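The file structure.cif comes next; it holds mmCIF, C-alpha atoms and all ligand atoms.
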data_model
#
loop_
_atom_site.label_atom_id
_atom_site.label_comp_id
_atom_site.auth_asym_id
_atom_site.auth_seq_id
_atom_site.Cartn_x
_atom_site.Cartn_y
_atom_site.Cartn_z
CA MET A 1 60.28 237.47 -9.52
CA ILE A 2 59.24 238.95 -6.17
CA VAL A 3 56.19 237.73 -4.21
CA LEU A 4 54.64 239.84 -1.46
CA LYS A 5 53.30 236.83 0.35
CA ASP A 6 50.23 236.44 2.54
CA CYS A 7 49.49 240.19 2.69
CA PHE A 8 47.29 241.18 5.62
CA CYS A 9 45.77 243.89 3.39
CA VAL A 10 46.28 245.09 -0.18
CA TYR A 11 44.72 248.43 -1.11
CA ASP A 12 44.62 248.37 -4.90
CA GLY A 13 43.70 252.05 -5.23
CA LYS A 14 39.97 251.37 -5.02
CA GLN A 15 39.34 248.49 -2.61
CA ARG A 16 40.86 246.72 0.35
CA HIS A 17 41.66 243.02 -0.17
CA PHE A 18 42.70 240.65 2.61
CA ASN A 19 44.97 237.61 2.63
CA LYS A 20 46.44 237.99 -0.84
CA ASN A 21 49.76 237.52 -2.60
CA VAL A 22 51.08 240.20 -4.95
CA ILE A 23 53.24 238.71 -7.68
CA ILE A 24 55.82 240.89 -9.40
CA ARG A 25 57.58 239.78 -12.55
CA ASP A 26 60.37 242.03 -13.82
CA ASN A 27 58.99 245.57 -13.59
CA ILE A 28 55.27 244.68 -13.78
CA ILE A 29 52.61 243.50 -11.34
CA GLU A 30 51.70 240.10 -12.75
CA ALA A 31 48.79 239.18 -10.51
CA MET A 32 47.12 239.32 -7.12
CA THR A 33 46.24 235.81 -5.90
CA ASP A 34 44.80 234.26 -2.75
CA SER A 35 47.23 233.53 0.06
CA SER A 36 46.65 229.81 -0.45
CA ASP A 37 48.20 230.01 -3.94
CA THR A 38 51.74 228.62 -4.02
CA SER A 39 52.12 228.05 -7.76
CA PHE A 40 55.00 230.57 -7.88
CA MET A 41 57.09 228.04 -5.91
CA ASN A 42 57.49 226.13 -9.19
CA GLU A 43 59.35 229.07 -10.75
CA GLU A 44 63.01 228.69 -11.65
CA PRO A 45 64.85 230.44 -10.08
CA LEU A 46 62.73 230.64 -6.93
CA PRO A 47 61.17 234.06 -6.43
CA GLU A 48 62.19 236.36 -3.58
CA LEU A 49 59.47 235.89 -0.94
CA ILE A 50 58.57 238.76 1.39
CA ASP A 51 56.30 237.85 4.31
CA CYS A 52 53.59 240.53 4.49
CA SER A 53 51.29 238.86 7.03
CA THR A 54 51.22 241.98 9.24
CA HIS A 55 51.52 244.50 6.41
CA ILE A 56 49.46 246.70 4.12
CA VAL A 57 50.54 247.09 0.50
CA THR A 58 49.47 250.23 -1.37
CA PRO A 59 50.21 251.69 -4.79
CA GLY A 60 53.43 253.71 -4.59
CA PHE A 61 52.78 257.40 -3.97
CA ILE A 62 53.58 260.04 -6.58
CA ASN A 63 54.98 263.42 -5.57
CA THR A 64 54.30 266.06 -8.22
CA HIS A 65 56.10 269.12 -6.85
CA HIS A 66 59.35 269.60 -4.94
CA HIS A 67 62.54 271.66 -4.85
CA PHE A 68 65.17 269.13 -3.82
CA TYR A 69 67.99 271.66 -3.39
CA GLN A 70 66.04 273.33 -0.56
CA ILE A 71 66.91 270.35 1.67
CA LEU A 72 70.10 272.32 2.36
CA THR A 73 68.20 275.30 3.80
CA ARG A 74 65.45 273.57 5.77
CA ASN A 75 64.22 275.22 8.88
CA LEU A 76 66.49 278.30 8.77
CA PRO A 77 65.66 280.41 11.85
CA ALA A 78 65.66 283.70 9.90
CA VAL A 79 62.71 282.64 7.73
CA GLN A 80 60.82 280.20 9.92
CA ASN A 81 58.01 282.69 10.47
CA VAL A 82 57.57 284.72 7.27
CA GLU A 83 55.36 284.49 4.18
CA LEU A 84 56.34 283.51 0.65
CA PHE A 85 57.76 286.68 -0.93
CA ASP A 86 59.93 287.66 2.10
CA TRP A 87 60.96 284.02 2.47
CA LEU A 88 62.08 283.85 -1.18
CA VAL A 89 63.95 287.16 -1.14
CA TYR A 90 66.01 286.02 1.88
CA LEU A 91 66.76 282.57 0.43
CA TYR A 92 67.65 283.53 -3.17
CA ASP A 93 70.88 285.03 -1.76
CA ILE A 94 71.89 281.75 -0.10
CA TRP A 95 70.71 279.51 -2.94
CA LYS A 96 72.83 281.39 -5.50
CA ASN A 97 75.89 279.58 -4.07
CA ILE A 98 74.82 276.01 -4.83
CA ASN A 99 77.32 273.78 -6.64
CA ASP A 100 77.47 270.28 -8.15
CA GLU A 101 77.68 268.39 -4.88
CA ALA A 102 74.89 270.52 -3.38
CA VAL A 103 72.58 269.51 -6.23
CA TYR A 104 73.60 265.84 -6.13
CA TYR A 105 73.43 265.25 -2.38
CA SER A 106 70.28 267.30 -1.81
CA SER A 107 68.61 265.27 -4.57
CA MET A 108 69.77 262.04 -2.91
CA ALA A 109 68.43 263.17 0.47
CA ALA A 110 65.04 264.24 -0.90
CA ILE A 111 64.61 261.08 -2.96
CA GLY A 112 65.69 258.98 0.01
CA GLU A 113 63.14 260.59 2.33
CA LEU A 114 60.42 260.29 -0.28
CA MET A 115 61.04 256.61 -0.92
CA LYS A 116 61.29 255.78 2.78
CA THR A 117 57.78 257.22 3.20
CA GLY A 118 56.18 255.32 0.30
CA CYS A 119 56.88 257.50 -2.72
CA THR A 120 57.90 255.66 -5.90
CA CYS A 121 57.73 258.45 -8.49
CA SER A 122 58.59 262.10 -8.10
CA SER A 123 58.90 265.31 -9.99
CA ASP A 124 61.30 268.08 -9.00
CA HIS A 125 61.14 271.76 -9.88
CA HIS A 126 64.68 273.03 -10.10
CA TYR A 127 64.41 276.66 -11.24
CA LEU A 128 67.64 277.98 -9.75
CA TYR A 129 70.48 278.39 -12.24
CA PRO A 130 72.97 280.78 -10.58
CA THR A 131 75.16 282.86 -12.87
CA ASP A 132 78.35 281.37 -11.40
CA PHE A 133 77.27 277.74 -11.76
CA ASN A 134 77.96 275.80 -14.93
CA GLY A 135 77.15 272.25 -13.84
CA ASP A 136 74.59 270.02 -15.56
CA ILE A 137 71.83 270.08 -12.96
CA MET A 138 69.52 267.61 -14.64
CA ALA A 139 72.32 265.10 -15.24
CA LEU A 140 73.24 265.27 -11.53
CA GLN A 141 69.62 264.76 -10.54
CA PHE A 142 69.17 261.78 -12.82
CA GLU A 143 72.38 260.29 -11.45
CA ALA A 144 70.90 260.54 -7.93
CA ALA A 145 67.53 259.16 -9.08
CA ASP A 146 69.17 256.19 -10.83
CA LYS A 147 71.36 255.44 -7.82
CA LEU A 148 68.43 255.29 -5.42
CA GLY A 149 65.99 253.88 -7.98
CA ILE A 150 63.05 256.31 -8.07
CA ARG A 151 60.89 256.88 -11.17
CA PHE A 152 61.78 260.48 -11.95
CA SER A 153 60.05 263.24 -13.86
CA PRO A 154 62.03 266.41 -13.11
CA THR A 155 61.20 269.77 -14.57
CA ARG A 156 63.64 272.11 -16.25
CA GLY A 157 62.70 275.21 -14.26
CA SER A 158 63.63 278.76 -15.17
CA MET A 159 63.69 282.37 -13.97
CA SER A 160 64.17 285.25 -16.42
CA LEU A 161 62.50 288.26 -14.77
CA SER A 162 64.87 289.86 -12.28
CA ARG A 163 64.28 292.75 -9.91
CA LYS A 164 65.49 295.31 -12.39
CA ASP A 165 62.74 294.17 -14.80
CA GLY A 166 59.99 294.15 -12.18
CA GLY A 167 60.35 290.52 -10.99
CA LEU A 168 61.21 289.14 -7.56
CA PRO A 169 64.57 287.29 -7.92
CA PRO A 170 67.97 289.06 -8.04
CA ASP A 171 70.13 289.11 -11.21
CA SER A 172 72.43 286.44 -9.72
CA VAL A 173 69.86 283.66 -10.19
CA VAL A 174 68.16 284.52 -13.49
CA GLN A 175 69.15 283.52 -17.02
CA SER A 176 68.46 285.00 -20.45
CA GLU A 177 65.55 283.45 -22.32
CA ASP A 178 67.81 282.29 -25.14
CA VAL A 179 70.00 280.35 -22.72
CA ILE A 180 66.94 278.88 -20.97
CA LEU A 181 65.23 277.70 -24.16
CA LYS A 182 68.44 276.19 -25.59
CA ASP A 183 68.98 274.24 -22.39
CA CYS A 184 65.31 273.14 -22.36
CA GLU A 185 65.82 271.72 -25.84
CA ARG A 186 69.01 269.98 -24.76
CA VAL A 187 67.50 268.29 -21.70
CA LEU A 188 64.47 267.15 -23.68
CA LYS A 189 66.79 265.63 -26.27
CA ASP A 190 69.20 264.06 -23.77
CA PHE A 191 66.87 262.80 -21.05
CA HIS A 192 63.19 262.70 -22.06
CA ASP A 193 61.77 259.20 -22.49
CA PRO A 194 58.03 259.35 -23.29
CA SER A 195 57.38 255.59 -23.01
CA PRO A 196 54.64 254.56 -20.52
CA LEU A 197 57.02 252.89 -18.05
CA SER A 198 59.68 255.55 -18.45
CA MET A 199 62.08 256.17 -15.54
CA ARG A 200 63.10 259.52 -17.07
CA ARG A 201 60.41 261.99 -18.03
CA VAL A 202 61.26 265.69 -18.51
CA VAL A 203 58.81 268.57 -17.92
CA LEU A 204 59.35 272.28 -18.70
CA ALA A 205 58.54 274.63 -15.84
CA PRO A 206 59.00 278.41 -15.89
CA CYS A 207 59.04 279.19 -12.17
CA SER A 208 56.07 281.51 -11.58
CA PRO A 209 54.28 284.57 -12.98
CA PHE A 210 56.52 286.84 -10.89
CA SER A 211 59.86 285.38 -12.00
CA VAL A 212 59.53 284.86 -15.78
CA THR A 213 58.16 286.90 -18.70
CA LYS A 214 54.98 286.14 -20.60
CA GLN A 215 57.08 285.33 -23.65
CA LEU A 216 59.02 282.63 -21.80
CA MET A 217 55.75 281.08 -20.59
CA LYS A 218 54.53 280.95 -24.20
CA ASP A 219 57.79 279.65 -25.65
CA SER A 220 58.19 276.98 -22.96
CA ALA A 221 54.67 275.65 -23.55
CA GLU A 222 55.23 275.54 -27.29
CA LEU A 223 58.60 273.82 -27.03
CA ALA A 224 57.37 271.19 -24.53
CA ARG A 225 54.37 270.35 -26.69
CA SER A 226 56.48 269.99 -29.80
CA LYS A 227 58.41 267.21 -27.98
CA GLY A 228 55.44 265.56 -26.25
CA ALA A 229 56.46 266.81 -22.79
CA ARG A 230 54.30 268.34 -20.04
CA ILE A 231 54.41 271.83 -18.53
CA HIS A 232 54.29 273.04 -14.96
CA THR A 233 54.49 276.23 -12.90
CA HIS A 234 53.55 277.70 -9.51
CA LEU A 235 50.10 279.29 -9.65
CA ALA A 236 47.61 281.01 -7.35
CA GLU A 237 49.79 280.42 -4.30
CA THR A 238 49.39 283.79 -2.54
CA PHE A 239 47.40 287.04 -2.61
CA ASP A 240 50.72 288.80 -3.34
CA GLU A 241 50.87 286.87 -6.62
CA ASN A 242 47.32 287.95 -7.55
CA GLU A 243 48.23 291.58 -6.90
CA PHE A 244 51.46 291.24 -8.89
CA CYS A 245 49.65 289.83 -11.94
CA ILE A 246 46.89 292.43 -11.86
CA LYS A 247 49.41 295.27 -11.50
CA GLN A 248 51.87 293.95 -14.08
CA TYR A 249 49.52 292.38 -16.63
CA GLY A 250 46.00 293.58 -15.75
CA VAL A 251 44.71 290.01 -15.25
CA ARG A 252 44.61 287.37 -12.53
CA PRO A 253 47.16 284.49 -12.66
CA LEU A 254 45.02 281.87 -14.43
CA GLU A 255 43.88 284.35 -17.09
CA LEU A 256 47.55 285.17 -17.64
CA MET A 257 48.26 281.46 -18.15
CA ALA A 258 45.44 281.24 -20.70
CA GLU A 259 46.93 284.19 -22.60
CA CYS A 260 50.24 282.28 -22.69
CA GLY A 261 48.71 279.01 -23.96
CA PHE A 262 49.74 277.56 -20.59
CA THR A 263 46.49 275.68 -19.92
CA GLY A 264 45.31 272.19 -20.93
CA PRO A 265 45.44 268.52 -19.93
CA ASP A 266 49.26 268.51 -20.17
CA VAL A 267 49.56 271.25 -17.51
CA PHE A 268 49.88 270.85 -13.73
CA TYR A 269 50.03 273.84 -11.40
CA ALA A 270 51.64 273.80 -7.97
CA HIS A 271 49.39 275.04 -5.10
CA GLY A 272 46.27 276.47 -6.81
CA ILE A 273 44.93 278.02 -3.62
CA HIS A 274 43.31 281.29 -4.65
CA PHE A 275 41.08 280.32 -7.58
CA ASN A 276 37.61 281.86 -7.74
CA ASP A 277 34.51 279.96 -8.95
CA ASP A 278 34.97 280.93 -12.61
CA GLU A 279 38.59 279.85 -12.48
CA LEU A 280 37.68 276.45 -11.05
CA LYS A 281 35.31 275.97 -14.01
CA MET A 282 38.09 276.97 -16.38
CA LEU A 283 40.49 274.47 -14.77
CA ARG A 284 37.87 271.74 -15.22
CA ASP A 285 37.10 272.69 -18.83
CA GLU A 286 40.78 272.90 -19.75
CA GLY A 287 41.64 269.63 -17.94
CA CYS A 288 44.53 271.12 -15.91
CA SER A 289 45.83 269.27 -12.82
CA ILE A 290 46.67 270.74 -9.43
CA SER A 291 49.67 269.74 -7.28
CA HIS A 292 48.26 270.21 -3.80
CA CYS A 293 50.90 271.03 -1.15
CA PRO A 294 49.06 271.14 2.20
CA SER A 295 52.08 271.21 4.55
CA SER A 296 53.78 274.03 2.67
CA ASN A 297 50.52 276.00 2.46
CA MET A 298 50.13 275.72 6.23
CA ARG A 299 53.80 276.43 6.95
CA LEU A 300 53.84 279.65 4.88
CA GLY A 301 50.30 280.60 5.87
CA SER A 302 49.34 280.73 2.19
CA GLY A 303 45.75 279.47 2.61
CA ILE A 304 43.62 276.35 2.07
CA ALA A 305 43.19 275.11 -1.49
CA ARG A 306 39.60 274.25 -2.47
CA ILE A 307 40.40 270.56 -2.97
CA ARG A 308 37.00 269.23 -1.95
CA GLU A 309 35.28 271.38 -4.57
CA MET A 310 37.91 270.51 -7.19
CA LEU A 311 37.32 266.79 -6.64
CA GLU A 312 33.55 267.24 -6.77
CA MET A 313 33.92 269.10 -10.08
CA GLY A 314 36.16 266.40 -11.56
CA ILE A 315 39.38 268.46 -11.57
CA ASN A 316 42.44 266.19 -11.28
CA VAL A 317 44.27 266.78 -8.00
CA SER A 318 47.67 265.29 -7.18
CA LEU A 319 49.71 265.57 -4.00
CA ALA A 320 53.11 267.12 -3.35
CA VAL A 321 55.40 267.80 -0.41
CA ASP A 322 56.77 271.02 -2.03
CA GLY A 323 60.34 272.22 -1.45
CA SER A 324 62.11 271.29 1.72
CA ALA A 325 62.51 274.85 2.94
CA SER A 326 58.74 275.26 3.26
CA ASN A 327 57.53 271.89 4.54
CA ASP A 328 60.36 271.08 5.63
CA SER A 329 60.19 267.34 5.16
CA SER A 330 59.78 265.02 2.18
CA ASP A 331 57.43 262.83 4.23
CA MET A 332 54.94 261.56 1.65
CA LEU A 333 52.73 259.59 4.02
CA GLY A 334 52.68 262.58 6.36
CA GLU A 335 51.56 264.73 3.44
CA ILE A 336 48.58 262.44 2.82
CA ARG A 337 47.58 262.83 6.47
CA ASN A 338 47.91 266.63 6.24
CA ALA A 339 45.84 266.74 3.03
CA LEU A 340 42.99 264.95 4.81
CA LEU A 341 43.21 267.07 7.96
CA LEU A 342 43.53 270.43 6.19
CA GLN A 343 40.41 269.92 4.06
CA ARG A 344 38.49 269.14 7.23
CA VAL A 345 39.55 272.47 8.79
CA SER A 346 37.63 274.38 6.13
CA GLY A 347 35.06 271.80 5.00
CA GLY A 348 34.09 269.73 8.04
CA ALA A 349 34.67 266.09 8.93
CA SER A 350 33.38 264.72 5.62
CA ALA A 351 35.47 267.07 3.44
CA MET A 352 38.01 264.37 2.57
CA THR A 353 37.98 260.60 3.15
CA ALA A 354 41.03 258.37 3.58
CA GLU A 355 40.34 256.86 0.13
CA GLN A 356 40.27 260.30 -1.49
CA ALA A 357 43.53 261.26 0.23
CA PHE A 358 45.25 258.10 -1.03
CA ASP A 359 43.72 258.57 -4.48
CA ILE A 360 45.21 262.03 -4.98
CA ALA A 361 48.56 260.72 -3.68
CA ALA A 362 48.76 257.87 -6.20
CA ALA A 363 46.33 257.86 -9.16
CA GLY A 364 46.01 261.68 -9.16
CA GLY A 365 49.79 262.00 -9.47
CA ALA A 366 49.93 259.39 -12.22
CA ARG A 367 47.37 261.39 -14.22
CA ALA A 368 49.15 264.70 -13.60
CA LEU A 369 52.54 263.40 -14.72
CA GLY A 370 51.15 261.11 -17.44
CA PHE A 371 52.03 257.62 -16.19
CA PRO A 372 49.02 255.49 -17.19
CA GLN A 373 50.52 252.31 -15.67
CA CYS A 374 51.08 253.80 -12.22
CA GLY A 375 48.72 254.57 -9.34
CA PHE A 376 46.89 251.24 -8.98
CA ILE A 377 47.72 247.65 -8.03
CA LYS A 378 46.45 245.59 -10.90
CA SER A 379 47.77 243.01 -13.30
CA GLY A 380 49.84 244.75 -15.99
CA MET A 381 50.55 247.89 -13.96
CA ALA A 382 54.05 249.10 -13.02
CA ALA A 383 55.55 247.32 -10.01
CA ASP A 384 55.64 250.51 -7.90
CA LEU A 385 54.54 249.61 -4.38
CA ALA A 386 54.71 250.78 -0.76
CA VAL A 387 54.68 248.16 2.00
CA PHE A 388 54.01 249.28 5.58
CA ASN A 389 54.22 247.03 8.64
CA LEU A 390 51.16 247.62 10.84
CA GLU A 391 52.38 245.40 13.69
CA SER A 392 53.64 248.22 15.87
CA LEU A 393 52.45 250.27 18.83
CA GLY A 394 51.55 253.24 16.62
CA TYR A 395 48.82 251.21 14.88
CA ALA A 396 47.74 249.05 17.83
CA GLY A 397 43.97 249.03 18.18
CA ALA A 398 43.45 250.56 14.72
CA LEU A 399 43.40 247.51 12.46
CA SER A 400 39.63 247.55 11.83
CA ASP A 401 40.64 249.71 8.84
CA PRO A 402 44.29 249.11 7.92
CA LEU A 403 44.30 251.74 5.16
CA ALA A 404 42.91 254.63 7.19
CA ALA A 405 45.17 253.56 10.10
CA LEU A 406 48.15 254.76 8.06
CA ILE A 407 46.97 258.38 8.18
CA PHE A 408 44.68 258.53 11.22
CA CYS A 409 47.32 256.87 13.40
CA GLY A 410 51.03 256.24 13.43
CA TYR A 411 54.05 258.42 14.08
CA ASN A 412 56.61 256.52 12.05
CA HIS A 413 55.69 257.15 8.43
CA GLN A 414 58.30 254.81 7.03
CA THR A 415 57.77 251.82 4.78
CA GLU A 416 59.31 248.46 5.47
CA TYR A 417 59.70 247.94 1.73
CA THR A 418 59.42 250.28 -1.23
CA ILE A 419 59.51 248.75 -4.70
CA VAL A 420 60.00 250.82 -7.85
CA ASN A 421 59.83 249.35 -11.33
CA GLY A 422 60.34 245.92 -9.77
CA ARG A 423 63.47 246.95 -7.82
CA ILE A 424 63.52 246.91 -4.02
CA THR A 425 64.68 250.44 -3.18
CA VAL A 426 63.89 250.29 0.55
CA ARG A 427 64.52 246.98 2.32
CA GLU A 428 63.61 246.47 5.98
CA GLY A 429 63.25 250.26 6.29
CA VAL A 430 66.66 251.11 4.83
CA LEU A 431 67.61 252.56 1.42
CA THR A 432 69.32 249.96 -0.74
CA GLY A 433 71.07 252.35 -3.16
CA PHE A 434 73.28 254.40 -0.84
CA ASP A 435 74.55 254.45 2.74
CA GLU A 436 72.07 256.60 4.71
CA GLU A 437 74.56 257.57 7.43
CA LEU A 438 77.09 258.75 4.91
CA LEU A 439 74.37 260.67 3.05
CA THR A 440 73.32 262.43 6.26
CA VAL A 441 76.91 263.44 7.05
CA GLU A 442 77.45 264.81 3.53
CA VAL A 443 74.19 266.79 3.48
CA ASN A 444 74.94 268.36 6.88
CA ARG A 445 78.45 269.33 5.76
CA ILE A 446 77.23 270.93 2.52
CA ALA A 447 74.35 272.72 4.29
CA ARG A 448 76.79 274.10 6.87
CA GLU A 449 79.07 275.44 4.15
CA LEU A 450 76.18 276.94 2.16
CA THR A 451 74.57 278.76 5.08
CA ARG A 452 77.81 279.91 6.75
CA PRO A 453 77.79 283.72 6.99
CA SER A 454 80.26 285.15 4.44
ZN ZN A 501 57.20 275.21 -5.04
#

File written out as structure tokens:
Amino acid sequence: MIVLKDCFCVYDGKQRHFNKNVIIRDNIIEAMTDSSDTSFMNEEPLPELIDCSTHIVTPGFINTHHHFYQILTRNLPAVQNVELFDWLVYLYDIWKNINDEAVYYSSMAAIGELMKTGCTCSSDHHYLYPTDFNGDIMALQFEAADKLGIRFSPTRGSMSLSRKDGGLPPDSVVQSEDVILKDCERVLKDFHDPSPLSMRRVVLAPCSPFSVTKQLMKDSAELARSKGARIHTHLAETFDENEFCIKQYGVRPLELMAECGFTGPDVFYAHGIHFNDDELKMLRDEGCSISHCPSSNMRLGSGIARIREMLEMGINVSLAVDGSASNDSSDMLGEIRNALLLQRVSGGASAMTAEQAFDIAAAGGARALGFPQCGFIKSGMAADLAVFNLESLGYAGALSDPLAALIFCGYNHQTEYTIVNGRITVREGVLTGFDEELLTVEVNRIARELTRPS
């Protein structure tokens, strides 16, 4: 048993509570009690007590879109200032050289950053399967996730439409559709656990309309549904993508998805920036979720997603840091701040409240990925929690609203504790599953080797 004792503030996902204890038994939140309650001191063995008298406890954040391997090519000078298609074309040629240790250590680094900034559950969209690489990418990623302790719902990504067939990626990073679908079946069989408190949930995710065929979109959706898994892709990210779909298929991206059976409540799209009014209605009627990636959208100049309108219409919105070559940080708390600020650029000061920003980051993600016991602090929910210490200069003078302080103020976005499925994965600001200094050295070495001119 773990007790977060005498919490200054607990935000349960709906309301702020003051002077409470949060009691965790095994992997579940057992109760929230008044600070005066000490009945847990009768437990045998004694629970681990964590003094939270200057802290705020929030539901753990859920990141619904990422490309972990891109950690190795963050911030490359050659593509710091270009838009998506040029950025991709330059990077495909570097990414084609990834190997086992590149996948493993980049996953460790991304998961580590995420958890240190309050994230307790993440997806990843690995769509890069270079011709010369035969490793088991999903096995390596789950090994990293288990080691650090995050709840993990990776996607089996795919690219099948190379340049010679009218797509964007080169031959060196695409696979045949037979190979892709066989491997999708394998990973669903080997790794997918559909139970509500699952630590291993697989999603199928053809990369985007400009890197796979219509047939692969259809087949992936059908296969995922036959196994009770969800589906994901990039959609409506840029005007270039709109033009590509109209030229290639005669329809806009969302219409193309509808033709492929790639719509519905089990679908979440990354970005969703360039939807028109009719398309927003279609998203609502179909029950699709959006993975909003504000930092990446700003970094690549892709545009501002219509999140305020989506929320008003009842469309489920989740939050995501996106891949580390277009953010270039897996800073989950920072992403919540950017979501709030970016909506206000286009919609004014009331376009997004702190509560809405935290809601998309936790409950919105739980709905998108299908974890009904995540996203709120309540008896019977998963013990997935972020604990931030507000007793620091960055929050001084801001404690009239401890929740909003986290995103209106502060420059250190790190938790003091992160708890996932009842396990302390960040303790006193440090990862418990792996040596952070060693991880940093390894990631820098691998990145150097990968980006070295040949
Ligand atoms: Zn992406």

Checklist line | Given 7 Å and all atoms listed in the file, residues near ligand ZN 501 (chain A) as number ranges by chain | finding: A: 65-67, 234, 270, 322-323

Note to self: Please compute the atom CA of A:Leu235-atom CA of A:Asn276 distance, one decimal, in Å.
What the structure shows: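 Atom CA of A:Leu235 sits 12.9 Å away from atom CA of A:Asn276.
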
Next item on the list: Could you check which of A:Lys14, A:Leu197, A:Ala258, A:Leu140 is closest to A:Gly380, using only C-alpha atoms?
Entry: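 Of all the options, A:Leu197 lies closest to A:Gly380.
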
Compile a residue-level contact table for stretch 129-245 of chain A against stretch 399-418 of chain A at a cut-off of 12 Å, reporting for every qualifying residue the shortest atom pair and its distance in Å to one decimal, with only C-alpha atoms counted, rows ordered by chain and ascending number, as JSON lines.
{"residue": "A:Leu148", "atom": "CA", "partner": "A:Thr418", "partner_atom": "CA", "distance": 11.1}
{"residue": "A:Gly149", "atom": "CA", "partner": "A:Thr418", "partner_atom": "CA", "distance": 10.1}
{"residue": "A:Ile150", "atom": "CA", "partner": "A:Thr418", "partner_atom": "CA", "distance": 9.8}

Notebook entry, point to check: So, counting all atoms listed in the file, which residue among A:Ala383, A:Asp93, A:Glu44, A:Val443 is closest to A:Ala31?
Noted result: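 Result for the nearest residue to A:Ala31: A:Ala383.
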
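Residue nearest A:Leu342, chosen from A:Ser289, A:Asn97, A:Ser295, A:Thr58 and counting all atoms listed in the file: A:Ser295.
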
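Nearest-residue note for A:Leu91: choosing from A:Val317, A:Ala221, A:Leu393, A:Leu168, the minimum distance belongs to A:Leu168, counting only C-alpha atoms.
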
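Interatomic distance, atom CA of A:Ala109 against atom CA of A:Asp328: 12.4 Å.
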
Next item on the list: Just the residues within 7 Å of A:Phe61, please, counting all atoms listed in the file, with nothing from its chain fewer than 6 positions along; format it as a count of residues only.
Entry: 6

Checklist line | Which residue of A:Ala205, A:Lys116, A:Gly272, A:Thr73 approaches A:Arg427 most closely, using only C-alpha atoms | finding: A:Lys116

Item checked: Counting only C-alpha atoms, the option among A:Pro209, A:Pro196, A:Gly228, A:Pro453 closest to A:Gly166 -> A:Pro209

Notebook entry, point to check: What is the distance between atom CA of A:Thr213 and atom CA of A:Ala229, in Å to one decimal?
Noted result: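 Between atom CA of A:Thr213 and atom CA of A:Ala229 the gap works out to 20.6 Å.
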
Note to self: Using only C-alpha atoms, which protein or nucleic acid residues come within 9 Å of A:Leu341? Drop anything in the same chain fewer than 4 positions from it, and give the result as an MDAnalysis selection string.
What the structure shows: chainID A and resid 336:337 345 349 351:352

Write to file, as a PDB file, in the frame of the given file, the residues of the selection just made, with C-alpha atoms.
ATOM      1  CA  ILE A 336      48.580 262.440   2.820  1.00  0.00           C
ATOM      2  CA  ARG A 337      47.580 262.830   6.470  1.00  0.00           C
ATOM      3  CA  VAL A 345      39.550 272.470   8.790  1.00  0.00           C
ATOM      4  CA  ALA A 349      34.670 266.090   8.930  1.00  0.00           C
ATOM      5  CA  ALA A 351      35.470 267.070   3.440  1.00  0.00           C
ATOM      6  CA  MET A 352      38.010 264.370   2.570  1.00  0.00           C
TER       7      MET A 352
END

Notebook entry, point to check: Within 12 Å of stretch 245-248 of chain A, counting all atoms listed in the file, which residues qualify if same-chain residues fewer than 3 places away don't, as a ChimeraX atom specification?
Noted result: /A:165-167,208-214,235-236,238-242,251-257

Written selection (C-alpha atoms) as a PDB file, in the coordinates of the input:
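Heads up, here's the output in result_20.pdb:
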ATOM      1  CA  ASP A 165      62.740 294.170 -14.800  1.00  0.00           C
ATOM      2  CA  GLY A 166      59.990 294.150 -12.180  1.00  0.00           C
ATOM      3  CA  GLY A 167      60.350 290.520 -10.990  1.00  0.00           C
ATOM      4  CA  SER A 208      56.070 281.510 -11.580  1.00  0.00           C
ATOM      5  CA  PRO A 209      54.280 284.570 -12.980  1.00  0.00           C
ATOM      6  CA  PHE A 210      56.520 286.840 -10.890  1.00  0.00           C
ATOM      7  CA  SER A 211      59.860 285.380 -12.000  1.00  0.00           C
ATOM      8  CA  VAL A 212      59.530 284.860 -15.780  1.00  0.00           C
ATOM      9  CA  THR A 213      58.160 286.900 -18.700  1.00  0.00           C
ATOM     10  CA  LYS A 214      54.980 286.140 -20.600  1.00  0.00           C
ATOM     11  CA  LEU A 235      50.100 279.290  -9.650  1.00  0.00           C
ATOM     12  CA  ALA A 236      47.610 281.010  -7.350  1.00  0.00           C
ATOM     13  CA  THR A 238      49.390 283.790  -2.540  1.00  0.00           C
ATOM     14  CA  PHE A 239      47.400 287.040  -2.610  1.00  0.00           C
ATOM     15  CA  ASP A 240      50.720 288.800  -3.340  1.00  0.00           C
ATOM     16  CA  GLU A 241      50.870 286.870  -6.620  1.00  0.00           C
ATOM     17  CA  ASN A 242      47.320 287.950  -7.550  1.00  0.00           C
ATOM     18  CA  VAL A 251      44.710 290.010 -15.250  1.00  0.00           C
ATOM     19  CA  ARG A 252      44.610 287.370 -12.530  1.00  0.00           C
ATOM     20  CA  PRO A 253      47.160 284.490 -12.660  1.00  0.00           C
ATOM     21  CA  LEU A 254      45.020 281.870 -14.430  1.00  0.00           C
ATOM     22  CA  GLU A 255      43.880 284.350 -17.090  1.00  0.00           C
ATOM     23  CA  LEU A 256      47.550 285.170 -17.640  1.00  0.00           C
ATOM     24  CA  MET A 257      48.260 281.460 -18.150  1.00  0.00           C
TER      25      MET A 257
END

Note to self: So that I can check the surroundings of stretch 178-189 of chain A, please list as a PyMOL selection string every protein, DNA and RNA residue that reaches within 10 Å of it, counting only C-alpha atoms and ignoring chain neighbours fewer than 2 positions away.
What the structure shows: chain A and resi 129+136-139+155-160+174-176+191-193+201-206+216+219-220+223-224+227-229

Using all atoms of stretch 350-358 of chain A listed in the file and a margin of 5 Å per side, can you give the axis-aligned box centre and edge lengths in Å to one decimal, as AutoDock Vina command-line options?
--center_x 39.3 --center_y 262.0 --center_z 2.1 --size_x 21.9 --size_y 20.2 --size_z 17.1
